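*Asks:* My file is query-v9.txt. It has compact mmCIF, C-alpha atoms:
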# COMPACT_ATOMS: atom_id res chain seq x y z
CA MET A 802 -107.16 134.55 170.67
CA TYR A 803 -107.63 135.69 167.08
CA SER A 804 -106.89 139.36 167.60
CA PHE A 805 -103.82 139.01 165.38
CA ALA A 806 -106.16 138.39 162.43
CA ARG A 807 -107.14 142.07 162.45
CA LYS A 808 -103.59 143.26 161.75
CA PRO A 809 -103.02 144.79 158.29
CA ILE A 810 -100.73 142.01 157.11
CA TRP A 811 -103.30 139.38 158.04
CA LEU A 812 -106.13 141.39 156.47
CA ALA A 813 -104.14 141.32 153.23
CA GLY A 814 -103.76 137.57 153.65
CA HIS A 815 -107.53 137.19 154.16
CA ALA A 816 -108.18 139.13 150.96
CA LEU A 817 -105.72 137.00 149.00
CA ALA A 818 -107.15 133.75 150.36
CA ALA A 819 -110.71 134.87 149.64
CA SER A 820 -109.77 135.92 146.10
CA LEU A 821 -108.18 132.55 145.39
CA LEU A 822 -111.19 130.76 146.84
CA VAL A 823 -113.57 132.72 144.61
CA ILE A 824 -111.40 131.97 141.56
CA PHE A 825 -111.32 128.24 142.37
CA VAL A 826 -115.10 128.08 142.84
CA ILE A 827 -115.83 130.06 139.65
CA ALA A 828 -113.43 127.87 137.68
CA GLY A 829 -115.11 124.76 139.09
CA PHE A 830 -118.60 125.90 138.10
CA TRP A 831 -117.33 126.98 134.67
CA GLN A 832 -115.86 123.54 134.04
CA LEU A 833 -119.11 121.97 135.26
CA SER A 834 -121.09 124.10 132.82
CA ARG A 835 -118.72 123.09 130.00
CA HIS A 836 -119.25 119.43 130.93
CA ASN A 837 -123.01 119.91 130.78
CA GLU A 838 -122.76 121.68 127.41
CA VAL A 839 -120.64 118.88 125.94
CA SER A 840 -122.98 116.23 127.36
CA ASP A 841 -126.02 117.99 125.88
CA ARG A 842 -124.25 118.34 122.52
CA ASN A 843 -123.24 114.67 122.53
CA ALA A 844 -126.81 113.65 123.29
CA ALA A 845 -128.08 115.80 120.42
CA VAL A 846 -125.45 114.43 118.01
CA ALA A 847 -126.21 110.85 119.00
CA GLU A 848 -129.91 111.46 118.41
CA ARG A 849 -129.31 113.09 115.02
CA THR A 850 -127.01 110.35 113.75
CA GLU A 851 -129.72 107.78 114.46
CA MET A 852 -132.39 109.68 112.53
CA PRO A 853 -133.28 108.57 108.99
CA PRO A 854 -131.66 110.61 106.21
CA LEU A 855 -133.42 113.75 105.04
CA ASP A 856 -134.49 113.91 101.42
CA ALA A 857 -133.60 116.82 99.14
CA ASP A 858 -136.81 118.80 99.67
CA ARG A 859 -136.72 118.64 103.47
CA PHE A 860 -133.01 119.41 103.51
CA PHE A 861 -133.34 122.39 101.15
CA ASP A 862 -136.27 123.83 103.12
CA ALA A 863 -134.44 123.40 106.43
CA VAL A 864 -131.16 125.03 105.41
CA ASN A 865 -133.01 128.08 104.09
CA ASP A 866 -134.55 128.61 107.53
CA ALA A 867 -132.10 130.90 109.34
CA ASP A 868 -132.76 129.18 112.68
CA LEU A 869 -132.24 125.60 111.50
CA PRO A 870 -128.79 125.06 109.89
CA ASP A 871 -127.02 124.53 113.24
CA GLU A 872 -129.73 122.12 114.34
CA LEU A 873 -129.12 120.03 111.20
CA GLU A 874 -125.45 119.38 111.93
CA HIS A 875 -124.62 115.64 111.87
CA ARG A 876 -127.93 114.73 110.24
CA LEU A 877 -127.64 112.46 107.21
CA VAL A 878 -128.96 113.68 103.86
CA THR A 879 -129.54 111.72 100.66
CA LEU A 880 -129.40 113.73 97.43
CA GLN A 881 -129.68 113.02 93.74
CA VAL A 882 -126.80 114.83 92.06
CA GLU A 883 -127.22 116.19 88.55
CA ARG A 884 -123.58 117.13 88.14
CA PHE A 885 -120.32 117.68 90.01
CA ASP A 886 -118.47 120.91 89.18
CA TRP A 887 -114.91 119.63 89.41
CA GLN A 888 -113.61 122.81 87.75
CA ASP A 889 -114.76 124.74 90.85
CA SER A 890 -113.40 122.25 93.39
CA VAL A 891 -111.12 123.65 96.09
CA LEU A 892 -108.40 122.11 98.19
CA ILE A 893 -108.78 122.39 102.00
CA ARG A 894 -105.26 122.44 103.42
CA ASN A 895 -103.76 120.74 106.49
CA ARG A 896 -106.15 117.81 106.92
CA SER A 897 -104.71 114.63 108.38
CA LEU A 898 -105.76 110.99 108.16
CA ASN A 899 -104.27 108.37 110.48
CA GLY A 900 -101.44 110.75 111.33
CA GLN A 901 -100.59 111.42 107.67
CA ALA A 902 -100.64 114.99 106.33
CA GLY A 903 -102.91 115.80 103.44
CA CYS A 904 -105.90 117.80 102.31
CA HIS A 905 -109.62 117.55 101.60
CA ILE A 906 -111.29 118.19 98.26
CA ALA A 907 -114.32 120.46 98.55
CA LEU A 908 -116.54 119.82 95.55
CA PRO A 909 -119.59 121.89 94.53
CA ALA A 910 -122.47 119.76 93.25
CA ALA A 911 -125.85 120.49 91.69
CA ALA A 912 -128.57 118.50 93.44
CA THR A 913 -132.15 118.09 92.31
CA SER A 914 -135.40 117.99 94.26
CA ARG A 915 -139.06 117.44 93.48
CA ASP A 916 -140.17 120.88 94.72
CA ASN A 917 -137.62 122.91 92.76
CA SER A 918 -137.37 123.01 88.98
CA GLU A 919 -133.82 124.34 89.17
CA PRO A 920 -131.02 122.36 90.87
CA PHE A 921 -129.56 123.82 94.04
CA GLY A 922 -125.89 123.93 94.95
CA VAL A 923 -124.37 122.03 97.83
CA LEU A 924 -120.71 121.77 98.83
CA LEU A 925 -119.40 118.26 99.37
CA THR A 926 -116.12 117.25 101.00
CA ALA A 927 -115.48 114.47 98.51
CA GLY A 928 -112.44 112.92 100.13
CA TRP A 929 -108.89 113.15 101.41
CA LEU A 930 -105.64 113.31 99.45
CA PRO A 931 -102.11 112.64 100.75
CA GLN A 932 -99.78 115.62 100.69
CA ARG A 933 -97.99 114.62 97.48
CA ALA A 934 -101.34 114.37 95.66
CA CYS A 935 -102.39 117.75 97.08
CA ALA A 936 -99.32 119.31 95.46
CA ALA A 937 -100.18 117.63 92.14
CA TRP A 938 -103.75 118.87 92.39
CA LEU A 939 -102.55 122.44 92.91
CA GLU A 940 -100.37 122.10 89.81
CA GLY A 941 -103.50 121.43 87.77
CA GLN A 942 -103.30 117.67 87.62
CA VAL A 943 -106.95 117.20 88.46
CA GLY A 944 -106.70 113.67 87.12
CA VAL A 945 -105.11 112.53 90.35
CA VAL A 946 -108.58 112.56 91.86
CA GLY A 947 -109.62 109.60 89.72
CA SER A 948 -113.19 110.11 90.83
CA ARG A 949 -115.92 107.54 90.30
CA LEU A 950 -118.54 110.13 91.16
CA GLY A 951 -120.40 110.81 87.95
CA PRO A 952 -123.59 112.60 86.89
CA THR A 953 -126.88 111.30 88.29
CA SER A 954 -125.09 109.78 91.28
CA GLN A 955 -127.02 109.47 94.52
CA ILE A 956 -124.94 110.52 97.49
CA THR A 957 -125.48 110.39 101.23
CA GLY A 958 -123.63 112.92 103.33
CA ARG A 959 -123.40 114.19 106.88
CA VAL A 960 -124.37 117.84 107.39
CA ARG A 961 -121.64 120.06 108.79
CA VAL A 962 -121.75 123.77 109.59
CA SER A 963 -119.51 126.06 107.55
CA GLN A 964 -116.18 126.67 109.25
CA GLU A 965 -115.12 130.15 110.32
CA ARG A 966 -111.81 131.58 111.46
CA GLY A 967 -111.51 132.05 115.20
CA LEU A 968 -109.31 134.53 117.03
CA LEU A 969 -106.21 132.70 115.84
CA GLY A 970 -105.36 130.66 112.80
CA PRO A 971 -104.53 131.29 109.15
CA SER A 972 -106.73 133.56 107.08
CA ASP A 973 -107.62 133.42 103.40
CA PRO A 974 -107.82 136.37 100.98
CA ALA A 975 -111.33 137.80 100.90
CA GLN A 976 -111.25 138.44 97.14
CA GLY A 977 -110.09 136.60 94.06
CA ARG A 978 -110.26 133.00 92.95
CA LEU A 979 -108.48 130.59 95.31
CA ASP A 980 -107.29 127.05 94.62
CA SER A 981 -106.97 126.23 98.31
CA LEU A 982 -108.41 127.37 101.62
CA ALA A 983 -107.44 126.99 105.25
CA ARG A 984 -110.92 125.73 106.21
CA THR A 985 -114.20 124.61 104.68
CA ASP A 986 -115.71 128.07 104.39
CA VAL A 987 -118.87 127.66 102.31
CA GLU A 988 -119.48 131.40 101.94
CA ARG A 989 -115.96 131.98 100.59
CA ILE A 990 -116.19 129.07 98.16
CA ASP A 991 -119.61 130.29 97.04
CA GLN A 992 -117.96 133.48 95.74
CA GLN A 993 -116.16 131.53 93.00
CA THR A 994 -118.72 128.96 91.92
CA THR A 995 -121.47 129.12 89.33
CA LEU A 996 -123.84 127.43 91.77
CA ASP A 997 -125.67 129.16 94.60
CA LEU A 998 -124.48 127.03 97.53
CA VAL A 999 -126.59 126.33 100.60
CA PRO A 1000 -124.89 127.59 103.81
CA VAL A 1001 -123.79 124.15 105.08
CA TYR A 1002 -121.63 121.43 103.56
CA LEU A 1003 -121.83 117.63 103.47
CA GLU A 1004 -119.22 115.03 104.36
CA LEU A 1005 -119.46 112.22 101.83
CA VAL A 1006 -120.59 108.99 103.50
CA SER A 1007 -121.73 106.82 100.59
CA ALA A 1008 -122.60 107.06 96.91
CA ARG A 1009 -124.57 105.05 94.35
CA ARG A 1010 -124.70 105.07 90.57
CA ALA A 1011 -127.89 105.83 88.68
CA SER A 1012 -128.33 102.06 88.29
CA GLY A 1013 -128.43 101.74 92.10
CA SER A 1014 -125.09 99.95 92.47
CA ARG A 1015 -122.88 101.22 95.26
CA ILE A 1016 -119.79 103.23 94.37
CA LYS A 1017 -116.81 101.88 96.27
CA LEU A 1018 -115.17 104.53 98.38
CA GLY A 1019 -111.99 104.14 100.33
CA ALA A 1020 -108.24 103.73 100.07
CA ASN A 1021 -108.55 101.54 96.95
CA MET A 1022 -110.06 104.41 95.01
CA PRO A 1023 -107.27 105.43 92.57
CA GLY A 1024 -105.58 108.63 93.69
CA LEU A 1025 -108.22 109.51 96.24
CA ALA A 1026 -108.62 107.99 99.67
CA VAL A 1027 -112.18 108.69 100.75
CA PRO A 1028 -112.59 107.38 104.27
CA GLN A 1029 -116.21 106.79 105.14
CA PRO A 1030 -116.76 109.40 107.85
CA LEU A 1031 -117.59 107.78 111.14
CA PRO A 1032 -120.03 109.40 113.55
CA PRO A 1033 -118.19 111.94 115.70
CA GLU A 1034 -116.62 110.63 118.88
CA LEU A 1035 -118.96 111.44 121.74
CA ASP A 1036 -116.28 112.01 124.35
CA ALA A 1037 -117.30 114.16 127.30
CA GLY A 1038 -113.74 115.40 127.59
CA PRO A 1039 -111.83 116.29 130.77
CA HIS A 1040 -114.22 118.94 132.06
CA LEU A 1041 -115.75 116.85 134.85
CA GLY A 1042 -112.30 115.90 136.11
CA TYR A 1043 -111.28 119.56 136.05
CA THR A 1044 -114.46 120.39 138.00
CA PHE A 1045 -113.42 118.08 140.84
CA GLN A 1046 -109.90 119.45 140.63
CA TRP A 1047 -110.96 123.09 141.06
CA PHE A 1048 -113.40 122.30 143.85
CA SER A 1049 -110.64 120.28 145.54
CA PHE A 1050 -108.39 123.34 145.35
CA ALA A 1051 -111.16 125.37 147.01
CA ALA A 1052 -111.55 122.79 149.79
CA VAL A 1053 -107.79 122.67 150.36
CA ALA A 1054 -107.70 126.48 150.49
CA ILE A 1055 -110.45 126.61 153.12
CA VAL A 1056 -109.01 123.85 155.28
CA GLY A 1057 -105.42 124.98 154.85
CA TYR A 1058 -106.06 128.63 155.68
CA THR A 1059 -108.18 127.66 158.68
CA LEU A 1060 -105.30 125.51 159.99
CA VAL A 1061 -102.88 128.40 159.48
CA LEU A 1062 -105.10 130.71 161.51
CA ARG A 1063 -105.52 128.14 164.29
CA HIS A 1064 -101.78 127.51 164.40
CA GLN A 1065 -101.06 131.22 164.62
CA ALA A 1066 -103.68 131.65 167.35
CA ARG A 1067 -102.20 128.82 169.42
CA LYS A 1068 -98.74 130.20 168.89
CA GLY A 1069 -99.91 133.59 170.18
CA ASP A 1070 -101.55 132.00 173.25
CA SER A 1071 -98.35 130.09 174.01
CA GLU A 1072 -96.28 133.26 173.77
CA GLN A 1073 -98.72 135.09 176.04
CA ILE A 1074 -98.55 132.31 178.67
CA ALA A 1075 -94.77 132.38 178.52
CA ASP A 1076 -94.75 136.13 179.08
CA ASP A 1077 -97.03 135.76 182.09
Using structure tokens, write down the structure from this file.
*Replies:*
Amino acid sequence: MYSFARKPIWLAGHALAASLLVIFVIAGFWQLSRHNEVSDRNAAVAERTEMPPLDADRFFDAVNDADLPDELEHRLVTLQVERFDWQDSVLIRNRSLNGQAGCHIALPAAATSRDNSEPFGVLLTAGWLPQRACAAWLEGQVGVVGSRLGPTSQITGRVRVSQERGLLGPSDPAQGRLDSLARTDVERIDQQTTLDLVPVYLELVSARRASGSRIKLGANMPGLAVPQPLPPELDAGPHLGYTFQWFSFAAVAIVGYTLVLRHQARKGDSEQIADD
């Protein structure tokens, strides 16, 4: 009945069908693993955002532990800032806000702690500028920032891991002093600052004056829109849907190829009966 299935052309068809089936199954399990990774990450981020802010000493100790910086991402940190080095600030290009093109200002700051007599350096993304203000900033008109962040400010920021270039994307010169960068690369910015920066950076969330009064941040801040960063969206993404999709392809391949074989077998039986 199925003797035809041993013919070379059908053997090639079996191999093709089996190869596609293996690809579908592997793709399904890969998407399932990606879904699990994203779910685990979201759970970790949600837990970290609910934790109380770290103080300067705990933060400084943690970021100097080679195994901990990644585990700190999205934790809140409260620091007492001795000074902001605006002369070493750098523009981070191609950053959008509400669909509008612009840039971020990466600002080195000297923070103090009880356990260290010398201040330590930390990079702060101090806010977002619209594109026209980015151009003015590059022309040396630092005044467009109009910052209310002054010495002895207390800031709270969200820890983020230094950004690195992937396989694709723009690259920045490895040497020389740069006014702008394609990404928030702490190591590259550290090359041109007087401070010794820790290997992570902070997204500005809130700030207070030395008197304790809150510094207003937001679109009303002259020349500098500093949106208060919201916790990252904990979206699981499309991976689970893709998992079902790939496994459905595998099921269709099994059922469909089985029906093709049965149809061919019945066709062969009918032809044999007719010949008899």
*Asks:* Report, in Å with one decimal, the straight-line distance from CA of Pro1039 (chain A) to CA of Pro971 (chain A).
*Replies:*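 Pair CA of Pro1039 (chain A) / CA of Pro971 (chain A) returns 27.3 Å.
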*Asks:* Work out how far CA of Cys935 (chain A) is from CA of Asn899 (chain A), in Å to one decimal.
*Replies:*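 Answer for the CA of Asn899 (chain A) to CA of Cys935 (chain A) separation: 16.5 Å.
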*Asks:* Which of these, A:Val878, A:Val999, A:Leu925, A:Val864, has the shortest distance to Thr850 (chain A) once you count all atoms listed in the file?
*Replies:* A:Val878
*Asks:* Would you list the contacts of Ser963 (chain A) as a PyMOL selection string, taking every protein, DNA or RNA residue within 6 Å and counting only C-alpha atoms, but skipping same-chain residues closer than 6 positions in sequence?
*Replies:* chain A and resi 986-987+1001
*Asks:* I need the residues from that last selection saved to file as a PDB file, in the coordinates of the input (with C-alpha atoms), if you can.
*Replies:*
ATOM      1  CA  ASP A 986    -115.710 128.070 104.390  1.00  0.00           C
ATOM      2  CA  VAL A 987    -118.870 127.660 102.310  1.00  0.00           C
ATOM      3  CA  VAL A1001    -123.790 124.150 105.080  1.00  0.00           C
TER       4      VAL A1001
END
*Asks:* Report, in Å with one decimal, the straight-line distance from CA of Asp889 (chain A) to CA of Thr995 (chain A).
*Replies:*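 Here the two named atoms are 8.2 Å from each other.
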*Asks:* Need the neighbours of (-105.3, 120.3, 101.0): which residues are at most 6 Å away, counting only C-alpha atoms, as a PDB file with C-alpha atoms, in the frame of the given file?
*Replies:*
ATOM      1  CA  LEU A 892    -108.400 122.110  98.190  1.00  0.00           C
ATOM      2  CA  ILE A 893    -108.780 122.390 102.000  1.00  0.00           C
ATOM      3  CA  ARG A 894    -105.260 122.440 103.420  1.00  0.00           C
ATOM      4  CA  ASN A 895    -103.760 120.740 106.490  1.00  0.00           C
ATOM      5  CA  GLY A 903    -102.910 115.800 103.440  1.00  0.00           C
ATOM      6  CA  CYS A 904    -105.900 117.800 102.310  1.00  0.00           C
ATOM      7  CA  HIS A 905    -109.620 117.550 101.600  1.00  0.00           C
ATOM      8  CA  CYS A 935    -102.390 117.750  97.080  1.00  0.00           C
TER       9      CYS A 935
END
*Asks:* For a quick check of understanding, using all atoms listed in the file, which of A:Ala863, A:Leu833, A:Ala934, A:Leu982 has the smallest distance to Ser890 (chain A)?
*Replies:*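 Among the listed residues, the smallest separation from Ser890 (chain A) belongs to A:Leu982.
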*Asks:* His815 (chain A): which residues within 12 Å, counting only C-alpha atoms, same-chain residues fewer than 5 positions away excluded, as JSON, numbers by chain?
*Replies:* {"A": [805, 806, 807, 808, 809, 810, 820, 821, 822, 1054, 1055, 1058, 1059, 1061, 1062]}
*Asks:* How would the residues just chosen look if you wrote them out with C-alpha atoms as a short mmCIF file (atom, residue, chain, number, x, y, z; two decimals), in the frame of the given file?
*Replies:*
data_model
loop_
_atom_site.label_atom_id
_atom_site.label_comp_id
_atom_site.auth_asym_id
_atom_site.auth_seq_id
_atom_site.Cartn_x
_atom_site.Cartn_y
_atom_site.Cartn_z
CA PHE A 805 -103.82 139.01 165.38
CA ALA A 806 -106.16 138.39 162.43
CA ARG A 807 -107.14 142.07 162.45
CA LYS A 808 -103.59 143.26 161.75
CA PRO A 809 -103.02 144.79 158.29
CA ILE A 810 -100.73 142.01 157.11
CA SER A 820 -109.77 135.92 146.10
CA LEU A 821 -108.18 132.55 145.39
CA LEU A 822 -111.19 130.76 146.84
CA ALA A 1054 -107.70 126.48 150.49
CA ILE A 1055 -110.45 126.61 153.12
CA TYR A 1058 -106.06 128.63 155.68
CA THR A 1059 -108.18 127.66 158.68
CA VAL A 1061 -102.88 128.40 159.48
CA LEU A 1062 -105.10 130.71 161.51
#
*Asks:* Counting all atoms listed in the file, which residues of region 952-973 of chain A fall within 12 Å of region 1002-1016 of chain A, and what is the closest atom pair for each with its distance in Å at one decimal, ordered by chain and rising number, as a tab-separated table?
*Replies:*
residue	atom	partner	partner_atom	distance
A:Pro952	CA	A:Ala1011	CA	8.2
A:Thr953	CA	A:Ala1011	CA	5.6
A:Ser954	CA	A:Arg1010	CA	4.8
A:Gln955	CA	A:Arg1009	CA	5.1
A:Ile956	CA	A:Ala1008	CA	4.2
A:Thr957	CA	A:Ser1007	CA	5.2
A:Gly958	CA	A:Leu1005	CA	4.5
A:Arg959	CA	A:Glu1004	CA	5.0
A:Val960	CA	A:Leu1003	CA	4.7
A:Arg961	CA	A:Tyr1002	CA	5.4
A:Val962	CA	A:Tyr1002	CA	6.5
A:Ser963	CA	A:Tyr1002	CA	6.5
A:Gln964	CA	A:Tyr1002	CA	9.5
*Asks:* When distances are computed from all atoms listed in the file, which of A:Leu930, A:Ile990, A:Val923, A:Ala816 shows the smallest separation from Leu898 (chain A)?
*Replies:*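 Of A:Leu930, A:Ile990, A:Val923, A:Ala816, the one nearest Leu898 (chain A) is A:Leu930, counting all atoms listed in the file.
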